[in-house]
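Engineer: Can you keep this structure in mind? I'll have questions shortly.
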Amino acid sequence: MTGVLLSWIETVAAVYAILVAAYAVTCLIVMRLNRQIAAAKIQARQTPRQQIRRDQRQSLLSLLAIATMFGTGHWLYAELGWGWRPAGGLAGSVLAFIGSLILFDTWFYWFHRLIHTPALYPRVHRWHHLTVTPVAWSNNSDRLVDNLFLQSYWLVAHFLVPAAPLVLLAHKLYDQVTGIIGHGGWEHGGAWCRPPSPLVSVTHHDQHHRYFRCNYATHFTVWDRLMGTLHPEHDAEAKRNIAATAKARQGERVAAE
Ligand SMILES: [Zn+2]
Ligand SMILES: [Zn+2]
């Protein structure tokens with residue numbers, strides 16, 4: 001019994017260490033990249049320093065909740081043999097990765113809409129929206145119960161997708177890194193997320209924090225387009241912000257020469 005408990009604690013601790021490291025390193029890199037394109041900041045408002053500290057503190061707790069769910073899911077798969085076994089080979093891994101992206105985006109979109117309803121919003125999701133001008137550190141600043149809605153995917157992912165553990169970890173890291181960039185306050189997208197590309201830009205989630213009742217998805221703009229929840233100015237603003245970043249990069253290059 002002690003051995004079983006110990007292996008579960010070790011798994012959760014390892015996932016927590018990976019997530020905290022990814023959080024800290026990505027935030028520092030994004031802030032450095034932001035400074036190089038300072039003129040292209042999306043919102044004019046500055047984020048109060050105590051709000052950033054609040055988000056940093058809460059993120060460490062929130063990442064522990066995510067690590068507990070992800071780690072438990074992995075532990076059930078690896079120690080008890082629960083969940084779907086993956087198809088072998090590179091093609092199987094690529095398909096599982098794409099399948100997991102689509103499934104998680106669907107999970108996130110619908111649960112995110114649910115926690116924006118008046119019955120749930122005040123107790124579940126309001127905390128995350130108290131930061132109207134998000135910064136990279138805001139990505140994981142959520143209440144515990146918010147994570148139970150949006151991040152519990154990682155607890156059950158092995159029962160939904162026949163994916164190898166490394167494939168799910170790669171997806172979680174993709175989600176972590178793109179989430180941090182998405183809260184960073186500067187558009188970093190290029191051709192890959194310029195509308196009509198289905199991939200979200202920074203503008204997509206920045207608008208969610210500014211306008212509140214739009215842009216609920218996390219990886220793709222597809223659900224928002226299908227359900228009519230994409231902000232009417234989304235495509236035009238994303239293109240403007242992408243162009244502003246390109247111009248700021250050009251200006252930096254000229255200044256450096
Ligand atoms: Zn929200
Ligand atoms: Zn957010």
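Ordering of the structure tokens sets the chain letters (A, B, ...); residue numbers start at 1 within each chain; ligands are numbered from 1 in the order shown.
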Need to verify the contact set: range 211-219 of chain A, 6 Å, only C-alpha atoms, exclusion of same-chain residues closer than 4 positions in sequence. Can you return it as a list in words?
Structural biologist: Asp105, Tyr109, Val200, Gln207, Asp224, Thr229, Leu230 and His231 of chain A
Engineer: Those residues with all heavy atoms, as a compact mmCIF listing (two decimals), in the first residue's frame please?
Structural biologist:
```
# COMPACT_ATOMS: atom_id res chain seq x y z
N ASP A 105 -9.84 20.97 -27.07
CA ASP A 105 -10.40 22.26 -27.49
C ASP A 105 -11.93 22.24 -27.35
O ASP A 105 -12.53 23.22 -26.92
CB ASP A 105 -9.98 22.55 -28.94
CG ASP A 105 -10.31 23.98 -29.34
OD1 ASP A 105 -9.79 24.90 -28.69
OD2 ASP A 105 -11.10 24.17 -30.28
N TYR A 109 -13.93 24.54 -24.77
CA TYR A 109 -14.92 25.50 -25.29
C TYR A 109 -16.23 25.38 -24.51
O TYR A 109 -16.77 26.37 -24.02
CB TYR A 109 -15.16 25.26 -26.79
CG TYR A 109 -16.23 26.18 -27.34
CD1 TYR A 109 -15.90 27.47 -27.76
CD2 TYR A 109 -17.56 25.78 -27.42
CE1 TYR A 109 -16.88 28.34 -28.23
CE2 TYR A 109 -18.55 26.65 -27.89
CZ TYR A 109 -18.20 27.92 -28.30
OH TYR A 109 -19.17 28.77 -28.75
N VAL A 200 -5.56 29.75 -32.96
CA VAL A 200 -5.82 31.02 -32.26
C VAL A 200 -4.56 31.88 -32.23
O VAL A 200 -3.44 31.38 -32.19
CB VAL A 200 -6.32 30.81 -30.81
CG1 VAL A 200 -7.65 30.11 -30.78
CG2 VAL A 200 -5.28 30.08 -29.96
N GLN A 207 -8.90 39.38 -26.42
CA GLN A 207 -10.27 39.89 -26.56
C GLN A 207 -11.20 39.24 -25.54
O GLN A 207 -12.12 39.88 -25.04
CB GLN A 207 -10.80 39.61 -27.98
CG GLN A 207 -10.24 40.54 -29.04
CD GLN A 207 -10.96 40.37 -30.37
OE1 GLN A 207 -11.48 39.30 -30.68
NE2 GLN A 207 -10.98 41.42 -31.17
N ASP A 224 -15.76 28.73 -31.96
CA ASP A 224 -16.29 30.10 -31.85
C ASP A 224 -16.95 30.53 -33.15
O ASP A 224 -17.99 31.18 -33.13
CB ASP A 224 -15.16 31.07 -31.47
CG ASP A 224 -14.82 30.99 -29.98
OD1 ASP A 224 -15.74 31.15 -29.15
OD2 ASP A 224 -13.64 30.77 -29.65
N THR A 229 -19.73 32.76 -31.53
CA THR A 229 -19.21 33.45 -30.35
C THR A 229 -17.87 34.14 -30.61
O THR A 229 -17.27 34.68 -29.68
CB THR A 229 -19.03 32.46 -29.17
OG1 THR A 229 -18.26 31.33 -29.63
CG2 THR A 229 -20.36 32.00 -28.61
N LEU A 230 -17.43 34.13 -31.87
CA LEU A 230 -16.19 34.85 -32.18
C LEU A 230 -16.50 36.35 -32.16
O LEU A 230 -17.53 36.78 -32.68
CB LEU A 230 -15.67 34.43 -33.55
CG LEU A 230 -14.22 34.81 -33.86
CD1 LEU A 230 -13.26 33.96 -33.02
CD2 LEU A 230 -13.91 34.62 -35.33
N HIS A 231 -15.63 37.15 -31.55
CA HIS A 231 -15.87 38.59 -31.51
C HIS A 231 -15.95 39.13 -32.94
O HIS A 231 -15.14 38.75 -33.78
CB HIS A 231 -14.73 39.29 -30.74
CG HIS A 231 -15.04 40.72 -30.44
ND1 HIS A 231 -14.79 41.74 -31.33
CD2 HIS A 231 -15.60 41.30 -29.35
CE1 HIS A 231 -15.18 42.88 -30.81
NE2 HIS A 231 -15.68 42.65 -29.60
```
Engineer: Please, which residues have at least one atom within 9 Å of an atom of ligand 2, using only C-alpha atoms and all ligand atoms, listed as a list in words?
Structural biologist: His128, His129, Thr131, Val132, Pro134, Ser138, Asn139, Asn140, Ser141, Asp142, Gly179, Gly182, His183, His205, Asp206, His208 and His209 of chain A
Engineer: Using only C-alpha atoms, determine which residues lie at most 10 Å from Pro162 in chain A, disregarding the query and same-chain residues fewer than 3 positions distant; provide the list as a short mmCIF file (atom, residue, chain, number, x, y, z; two decimals) with C-alpha atoms, in the first residue's frame.
Structural biologist:
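Writing done, so here's result33.cif:
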```
data_model
loop_
_atom_site.label_atom_id
_atom_site.label_comp_id
_atom_site.auth_asym_id
_atom_site.auth_seq_id
_atom_site.Cartn_x
_atom_site.Cartn_y
_atom_site.Cartn_z
CA GLY A 83 -7.27 3.48 -20.43
CA TRP A 84 -6.76 2.96 -24.15
CA ARG A 85 -3.44 1.55 -25.33
CA PRO A 86 -1.92 3.68 -28.12
CA ALA A 87 -1.49 2.69 -31.75
CA GLY A 88 2.21 2.30 -32.48
CA GLY A 92 -0.26 6.76 -34.54
CA SER A 93 1.40 9.36 -32.30
CA LEU A 95 -2.94 11.19 -35.05
CA ALA A 96 -3.30 10.84 -31.27
CA PHE A 97 -1.74 14.31 -30.75
CA GLY A 99 -7.08 14.00 -31.85
CA SER A 100 -6.19 15.14 -28.33
CA ALA A 157 -7.49 11.78 -21.33
CA HIS A 158 -6.19 8.18 -21.42
CA PHE A 159 -9.82 7.00 -21.44
CA PRO A 165 2.00 9.18 -22.18
CA VAL A 167 2.03 12.34 -26.58
CA LEU A 168 -0.24 13.63 -23.81
#
```
Engineer: Tell me, as a PyMOL selection string, which residues lie within 9 Å of range 116-123 of chain A, counting only C-alpha atoms; anything in the same chain fewer than 4 positions away does not count.
Structural biologist: chain A and resi 111-112+127+143+145-146+212-213
Engineer: Pull the alpha helix (DSSP H) assignments for range 154-191 of chain A out of DSSP run on the backbone, and list those residues as a VMD selection string.
Structural biologist: chain A and resid 154 to 160 165 to 183
Engineer: Pull N, CA, C and O atoms from the residues just selected and write them as a CSV table (one decimal), in the first residue's frame.
Structural biologist:
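Contents of out33.csv, freshly written:
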```
chain,number,residue,atom,x,y,z
A,154,TRP,N,-7.3,16.2,-18.3
A,154,TRP,CA,-6.0,15.5,-18.2
A,154,TRP,C,-6.1,14.3,-17.3
A,154,TRP,O,-5.3,13.4,-17.4
A,155,LEU,N,-7.1,14.3,-16.4
A,155,LEU,CA,-7.4,13.1,-15.6
A,155,LEU,C,-7.9,12.0,-16.4
A,155,LEU,O,-7.6,10.8,-16.1
A,156,VAL,N,-8.8,12.3,-17.4
A,156,VAL,CA,-9.5,11.2,-18.1
A,156,VAL,C,-9.0,11.0,-19.5
A,156,VAL,O,-9.5,10.2,-20.3
A,157,ALA,N,-7.9,11.8,-19.9
A,157,ALA,CA,-7.5,11.8,-21.3
A,157,ALA,C,-7.2,10.4,-21.8
A,157,ALA,O,-7.5,10.0,-23.0
A,158,HIS,N,-6.6,9.5,-21.0
A,158,HIS,CA,-6.2,8.2,-21.4
A,158,HIS,C,-7.4,7.3,-21.7
A,158,HIS,O,-7.3,6.3,-22.4
A,159,PHE,N,-8.6,7.8,-21.2
A,159,PHE,CA,-9.8,7.0,-21.4
A,159,PHE,C,-10.5,7.5,-22.7
A,159,PHE,O,-11.5,6.9,-23.2
A,160,LEU,N,-10.1,8.7,-23.2
A,160,LEU,CA,-10.7,9.3,-24.4
A,160,LEU,C,-9.9,9.1,-25.6
A,160,LEU,O,-10.5,9.0,-26.7
A,165,PRO,N,1.8,8.1,-23.2
A,165,PRO,CA,2.0,9.2,-22.2
A,165,PRO,C,2.8,10.4,-22.7
A,165,PRO,O,2.5,11.5,-22.4
A,166,LEU,N,3.8,10.1,-23.5
A,166,LEU,CA,4.6,11.2,-24.0
A,166,LEU,C,3.8,12.1,-25.0
A,166,LEU,O,4.1,13.3,-25.0
A,167,VAL,N,2.9,11.6,-25.7
A,167,VAL,CA,2.0,12.3,-26.6
A,167,VAL,C,1.2,13.3,-25.8
A,167,VAL,O,1.0,14.5,-26.1
A,168,LEU,N,0.6,12.8,-24.7
A,168,LEU,CA,-0.2,13.6,-23.8
A,168,LEU,C,0.6,14.7,-23.1
A,168,LEU,O,0.2,15.8,-23.0
A,169,LEU,N,1.8,14.3,-22.7
A,169,LEU,CA,2.7,15.3,-22.1
A,169,LEU,C,3.0,16.4,-23.1
A,169,LEU,O,3.0,17.6,-22.8
A,170,ALA,N,3.3,16.0,-24.4
A,170,ALA,CA,3.6,17.0,-25.4
A,170,ALA,C,2.4,17.9,-25.6
A,170,ALA,O,2.6,19.1,-25.8
A,171,HIS,N,1.2,17.4,-25.6
A,171,HIS,CA,0.0,18.2,-25.8
A,171,HIS,C,-0.1,19.1,-24.6
A,171,HIS,O,-0.4,20.3,-24.7
A,172,LYS,N,0.1,18.6,-23.4
A,172,LYS,CA,0.0,19.5,-22.2
A,172,LYS,C,1.0,20.7,-22.2
A,172,LYS,O,0.7,21.8,-21.9
A,173,LEU,N,2.2,20.4,-22.7
A,173,LEU,CA,3.2,21.4,-22.8
A,173,LEU,C,2.9,22.4,-23.9
A,173,LEU,O,3.1,23.6,-23.7
A,174,TYR,N,2.3,21.9,-25.0
A,174,TYR,CA,1.9,22.8,-26.1
A,174,TYR,C,0.8,23.7,-25.5
A,174,TYR,O,0.8,25.0,-25.7
A,175,ASP,N,-0.1,23.2,-24.7
A,175,ASP,CA,-1.2,23.9,-24.1
A,175,ASP,C,-0.7,25.0,-23.1
A,175,ASP,O,-1.1,26.1,-23.1
A,176,GLN,N,0.3,24.6,-22.4
A,176,GLN,CA,0.9,25.4,-21.4
A,176,GLN,C,1.7,26.6,-22.0
A,176,GLN,O,1.5,27.8,-21.7
A,177,VAL,N,2.5,26.3,-23.0
A,177,VAL,CA,3.3,27.3,-23.7
A,177,VAL,C,2.4,28.3,-24.5
A,177,VAL,O,2.5,29.5,-24.4
A,178,THR,N,1.4,27.7,-25.3
A,178,THR,CA,0.6,28.6,-26.1
A,178,THR,C,-0.4,29.4,-25.2
A,178,THR,O,-0.7,30.6,-25.5
A,179,GLY,N,-0.8,28.9,-24.0
A,179,GLY,CA,-1.6,29.6,-23.1
A,179,GLY,C,-0.9,30.8,-22.5
A,179,GLY,O,-1.4,31.9,-22.4
A,180,ILE,N,0.4,30.6,-22.2
A,180,ILE,CA,1.2,31.7,-21.7
A,180,ILE,C,1.4,32.8,-22.7
A,180,ILE,O,1.2,34.0,-22.4
A,181,ILE,N,1.8,32.4,-23.9
A,181,ILE,CA,1.9,33.4,-25.0
A,181,ILE,C,0.6,34.1,-25.2
A,181,ILE,O,0.6,35.3,-25.4
A,182,GLY,N,-0.5,33.3,-25.1
A,182,GLY,CA,-1.9,33.9,-25.4
A,182,GLY,C,-2.3,34.9,-24.3
A,182,GLY,O,-3.2,35.7,-24.6
A,183,HIS,N,-1.7,34.9,-23.1
A,183,HIS,CA,-2.0,35.9,-22.1
A,183,HIS,C,-0.9,37.0,-22.1
A,183,HIS,O,-1.0,37.9,-21.2
```
Engineer: Leaving out range 234-242 of chain A and any residue of its chain fewer than 3 positions from it, which residues lie within 6 Å of it when counting only C-alpha atoms, given as a PyMOL selection string?
Structural biologist: chain A and resi 187+195+203+231+245
Engineer: Include N, CA, C and O atoms and write out the residues we just selected as a compact mmCIF listing (two decimals), in the first residue's frame.
Structural biologist:
```
# COMPACT_ATOMS: atom_id res chain seq x y z
N GLU A 187 0.95 40.44 -29.58
CA GLU A 187 0.69 39.45 -30.62
C GLU A 187 2.03 38.88 -31.10
O GLU A 187 2.92 39.65 -31.44
N PRO A 195 -6.06 35.04 -39.56
CA PRO A 195 -7.35 34.54 -40.08
C PRO A 195 -7.33 34.52 -41.61
O PRO A 195 -6.75 35.42 -42.21
N THR A 203 -4.42 37.69 -29.92
CA THR A 203 -5.59 38.58 -29.96
C THR A 203 -6.87 37.86 -29.52
O THR A 203 -7.71 38.44 -28.84
N HIS A 231 -15.63 37.15 -31.55
CA HIS A 231 -15.87 38.59 -31.51
C HIS A 231 -15.95 39.13 -32.94
O HIS A 231 -15.14 38.75 -33.78
N THR A 245 3.00 43.97 -34.96
CA THR A 245 4.17 43.25 -34.44
C THR A 245 5.27 43.19 -35.51
O THR A 245 6.44 43.42 -35.21
```
Engineer: Determine the nearest neighbour of ligand 1 from the options A:Val124, A:Phe220, A:Ser197, A:Met227, counting only C-alpha atoms and all ligand atoms.
Structural biologist: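 The answer is A:Val124, which sits nearest to ligand 1.
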Engineer: Between CA of Thr2 in chain A and CA of Trp82 in chain A, what distance in Å does the model show, to one decimal?
Structural biologist: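 Computed distance, CA of Thr2 in chain A to CA of Trp82 in chain A, equals 20.4 Å.
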Engineer: Ranking A:Ala256, A:Ile52, A:Leu103, A:Leu76 by minimum distance to Leu5 in chain A and counting only C-alpha atoms, which one comes first?
Structural biologist: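 Using only C-alpha atoms, Leu5 in chain A sits closest to A:Leu76.
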Engineer: Leu60 in chain A: which residues within 12 Å, counting only C-alpha atoms, same-chain residues fewer than 3 positions away excluded, as number ranges by chain?
Structural biologist: A: 16-17, 19-24, 53-57, 63-67, 137-144
Engineer: Filtering to C-alpha atoms, could you give me those residues as a compact mmCIF listing (two decimals), in the first residue's frame?
Structural biologist:
```txt
# COMPACT_ATOMS: atom_id res chain seq x y z
CA TYR A 16 4.39 19.42 -11.02
CA ALA A 17 8.13 20.01 -11.46
CA LEU A 19 4.77 22.23 -15.30
CA VAL A 20 6.32 24.80 -12.94
CA ALA A 21 9.58 24.77 -14.94
CA ALA A 22 7.66 25.19 -18.22
CA TYR A 23 5.62 28.01 -16.63
CA ALA A 24 8.61 29.97 -15.32
CA ARG A 53 1.91 38.92 -7.96
CA ARG A 54 -1.58 37.57 -7.26
CA ASP A 55 -1.49 35.69 -10.58
CA GLN A 56 2.01 34.28 -9.90
CA ARG A 57 1.04 33.02 -6.43
CA LEU A 63 -0.44 24.07 -11.42
CA LEU A 64 -0.41 21.70 -8.42
CA ALA A 65 -4.09 20.95 -9.05
CA ILE A 66 -3.37 20.31 -12.75
CA ALA A 67 -0.34 18.15 -11.88
CA TRP A 137 1.99 35.00 -15.54
CA SER A 138 -1.84 35.17 -15.65
CA ASN A 139 -2.21 31.95 -17.67
CA ASN A 140 -2.68 29.60 -14.71
CA SER A 141 -4.27 32.02 -12.25
CA ASP A 142 -7.53 30.15 -11.63
CA ARG A 143 -9.50 28.96 -8.65
CA LEU A 144 -9.27 25.25 -7.84
```
Engineer: For range 44-46 of chain A, work out the shell of residues within 12 Å, counting only C-alpha atoms and skipping chain neighbours fewer than 4 positions away, then give it as a list in words.
Structural biologist: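 Near neighbours after the sequence-gap exclusion: Ala38, Ala39, Ala40, Gln50, Gln51, Ile52, Thr131, Val132, Thr133, Pro134, Val135, Gly185, Trp186 and Arg210 of chain A.
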Engineer: Residues of the last selection are to be written out with all heavy atoms, as an mmCIF file, in the first residue's frame.
Structural biologist:
```
data_model
loop_
_atom_site.group_PDB
_atom_site.id
_atom_site.type_symbol
_atom_site.label_atom_id
_atom_site.label_comp_id
_atom_site.auth_asym_id
_atom_site.auth_seq_id
_atom_site.Cartn_x
_atom_site.Cartn_y
_atom_site.Cartn_z
ATOM 1 N N ALA A 38 8.052 46.249 -28.065
ATOM 2 C CA ALA A 38 7.312 47.025 -27.057
ATOM 3 C C ALA A 38 6.215 47.895 -27.682
ATOM 4 O O ALA A 38 5.123 48.033 -27.129
ATOM 5 C CB ALA A 38 8.282 47.876 -26.257
ATOM 6 N N ALA A 39 6.503 48.475 -28.860
ATOM 7 C CA ALA A 39 5.558 49.416 -29.476
ATOM 8 C C ALA A 39 4.248 48.753 -29.906
ATOM 9 O O ALA A 39 3.249 49.434 -30.117
ATOM 10 C CB ALA A 39 6.213 50.064 -30.688
ATOM 11 N N ALA A 40 4.255 47.420 -30.004
ATOM 12 C CA ALA A 40 3.060 46.724 -30.529
ATOM 13 C C ALA A 40 2.155 46.180 -29.427
ATOM 14 O O ALA A 40 1.312 45.318 -29.689
ATOM 15 C CB ALA A 40 3.500 45.586 -31.456
ATOM 16 N N GLN A 50 0.529 44.426 -8.140
ATOM 17 C CA GLN A 50 -0.015 43.466 -7.153
ATOM 18 C C GLN A 50 -0.911 42.423 -7.817
ATOM 19 O O GLN A 50 -1.052 41.304 -7.323
ATOM 20 C CB GLN A 50 -0.736 44.165 -5.980
ATOM 21 C CG GLN A 50 -2.066 44.789 -6.296
ATOM 22 C CD GLN A 50 -1.900 46.276 -6.603
ATOM 23 O OE1 GLN A 50 -0.885 46.699 -7.140
ATOM 24 N NE2 GLN A 50 -2.904 47.067 -6.250
ATOM 25 N N GLN A 51 -1.498 42.795 -8.981
ATOM 26 C CA GLN A 51 -2.310 41.836 -9.738
ATOM 27 C C GLN A 51 -1.411 40.741 -10.330
ATOM 28 O O GLN A 51 -1.767 39.563 -10.338
ATOM 29 C CB GLN A 51 -3.046 42.590 -10.857
ATOM 30 C CG GLN A 51 -4.144 41.810 -11.527
ATOM 31 C CD GLN A 51 -5.380 41.677 -10.648
ATOM 32 O OE1 GLN A 51 -5.479 42.320 -9.614
ATOM 33 N NE2 GLN A 51 -6.282 40.809 -11.034
ATOM 34 N N ILE A 52 -0.241 41.148 -10.808
ATOM 35 C CA ILE A 52 0.707 40.173 -11.376
ATOM 36 C C ILE A 52 1.184 39.217 -10.274
ATOM 37 O O ILE A 52 1.241 38.004 -10.464
ATOM 38 C CB ILE A 52 1.899 40.889 -12.041
ATOM 39 C CG1 ILE A 52 1.404 41.746 -13.215
ATOM 40 C CG2 ILE A 52 2.953 39.894 -12.516
ATOM 41 C CD1 ILE A 52 2.462 42.606 -13.871
ATOM 42 N N THR A 131 -8.230 39.904 -13.859
ATOM 43 C CA THR A 131 -7.140 40.488 -14.642
ATOM 44 C C THR A 131 -7.665 40.766 -16.050
ATOM 45 O O THR A 131 -7.857 39.851 -16.845
ATOM 46 C CB THR A 131 -5.929 39.524 -14.709
ATOM 47 O OG1 THR A 131 -5.576 39.158 -13.382
ATOM 48 C CG2 THR A 131 -4.739 40.185 -15.372
ATOM 49 N N VAL A 132 -7.925 42.069 -16.327
ATOM 50 C CA VAL A 132 -8.500 42.451 -17.634
ATOM 51 C C VAL A 132 -7.394 42.604 -18.683
ATOM 52 O O VAL A 132 -7.599 42.365 -19.863
ATOM 53 C CB VAL A 132 -9.315 43.759 -17.492
ATOM 54 C CG1 VAL A 132 -9.897 44.191 -18.837
ATOM 55 C CG2 VAL A 132 -10.430 43.574 -16.475
ATOM 56 N N THR A 133 -6.226 43.027 -18.226
ATOM 57 C CA THR A 133 -5.068 43.136 -19.124
ATOM 58 C C THR A 133 -4.087 42.044 -18.706
ATOM 59 O O THR A 133 -3.217 42.257 -17.873
ATOM 60 C CB THR A 133 -4.413 44.523 -18.996
ATOM 61 O OG1 THR A 133 -5.428 45.509 -19.186
ATOM 62 C CG2 THR A 133 -3.325 44.728 -20.040
ATOM 63 N N PRO A 134 -4.269 40.824 -19.254
ATOM 64 C CA PRO A 134 -3.452 39.708 -18.764
ATOM 65 C C PRO A 134 -1.977 39.848 -19.140
ATOM 66 O O PRO A 134 -1.639 40.498 -20.136
ATOM 67 C CB PRO A 134 -4.079 38.487 -19.439
ATOM 68 C CG PRO A 134 -4.766 39.007 -20.652
ATOM 69 C CD PRO A 134 -5.180 40.415 -20.339
ATOM 70 N N VAL A 135 -1.140 39.220 -18.346
ATOM 71 C CA VAL A 135 0.289 39.094 -18.654
ATOM 72 C C VAL A 135 0.605 37.600 -18.702
ATOM 73 O O VAL A 135 -0.228 36.781 -18.314
ATOM 74 C CB VAL A 135 1.164 39.791 -17.579
ATOM 75 C CG1 VAL A 135 0.916 41.287 -17.562
ATOM 76 C CG2 VAL A 135 0.913 39.188 -16.198
ATOM 77 N N GLY A 185 -0.004 39.599 -23.819
ATOM 78 C CA GLY A 185 -0.269 41.019 -24.063
ATOM 79 C C GLY A 185 0.294 41.563 -25.364
ATOM 80 O O GLY A 185 0.031 42.712 -25.716
ATOM 81 N N TRP A 186 1.082 40.766 -26.073
ATOM 82 C CA TRP A 186 1.627 41.172 -27.374
ATOM 83 C C TRP A 186 1.340 40.067 -28.382
ATOM 84 O O TRP A 186 1.507 38.875 -28.056
ATOM 85 C CB TRP A 186 3.154 41.360 -27.304
ATOM 86 C CG TRP A 186 3.621 42.694 -26.842
ATOM 87 C CD1 TRP A 186 4.008 43.737 -27.633
ATOM 88 C CD2 TRP A 186 3.783 43.148 -25.490
ATOM 89 N NE1 TRP A 186 4.398 44.805 -26.856
ATOM 90 C CE2 TRP A 186 4.266 44.475 -25.538
ATOM 91 C CE3 TRP A 186 3.552 42.576 -24.241
ATOM 92 C CZ2 TRP A 186 4.523 45.215 -24.401
ATOM 93 C CZ3 TRP A 186 3.801 43.310 -23.104
ATOM 94 C CH2 TRP A 186 4.285 44.628 -23.187
ATOM 95 N N ARG A 210 -10.877 41.202 -22.509
ATOM 96 C CA ARG A 210 -11.381 42.582 -22.661
ATOM 97 C C ARG A 210 -12.892 42.628 -22.792
ATOM 98 O O ARG A 210 -13.553 43.466 -22.209
ATOM 99 C CB ARG A 210 -10.785 43.199 -23.941
ATOM 100 C CG ARG A 210 -9.720 44.247 -23.671
ATOM 101 C CD ARG A 210 -9.210 44.799 -24.986
ATOM 102 N NE ARG A 210 -8.514 43.789 -25.760
ATOM 103 C CZ ARG A 210 -8.453 43.781 -27.100
ATOM 104 N NH1 ARG A 210 -9.052 44.723 -27.820
ATOM 105 N NH2 ARG A 210 -7.784 42.847 -27.730
#
```
Engineer: If I take CA of Cys193 in chain A and CA of Val222 in chain A, how far is one from the other in Å, to one decimal?
Structural biologist: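 Rounded to one decimal, the two atoms are 12.4 Å apart.
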Engineer: When you draw a straight line from CA of Phe108 in chain A to CA of Tyr153 in chain A, how long is it in Å?
Structural biologist: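 One can read the CA of Phe108 in chain A to CA of Tyr153 in chain A distance as 8.5 Å.
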Engineer: Looking at only C-alpha atoms and all ligand atoms, which of A:Val254, A:Val4, A:Ile115, A:Ala248 is the one that sits closest to ligand 1?
Structural biologist: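 Between A:Val254, A:Val4, A:Ile115, A:Ala248, the residue approaching ligand 1 most closely is A:Ile115.
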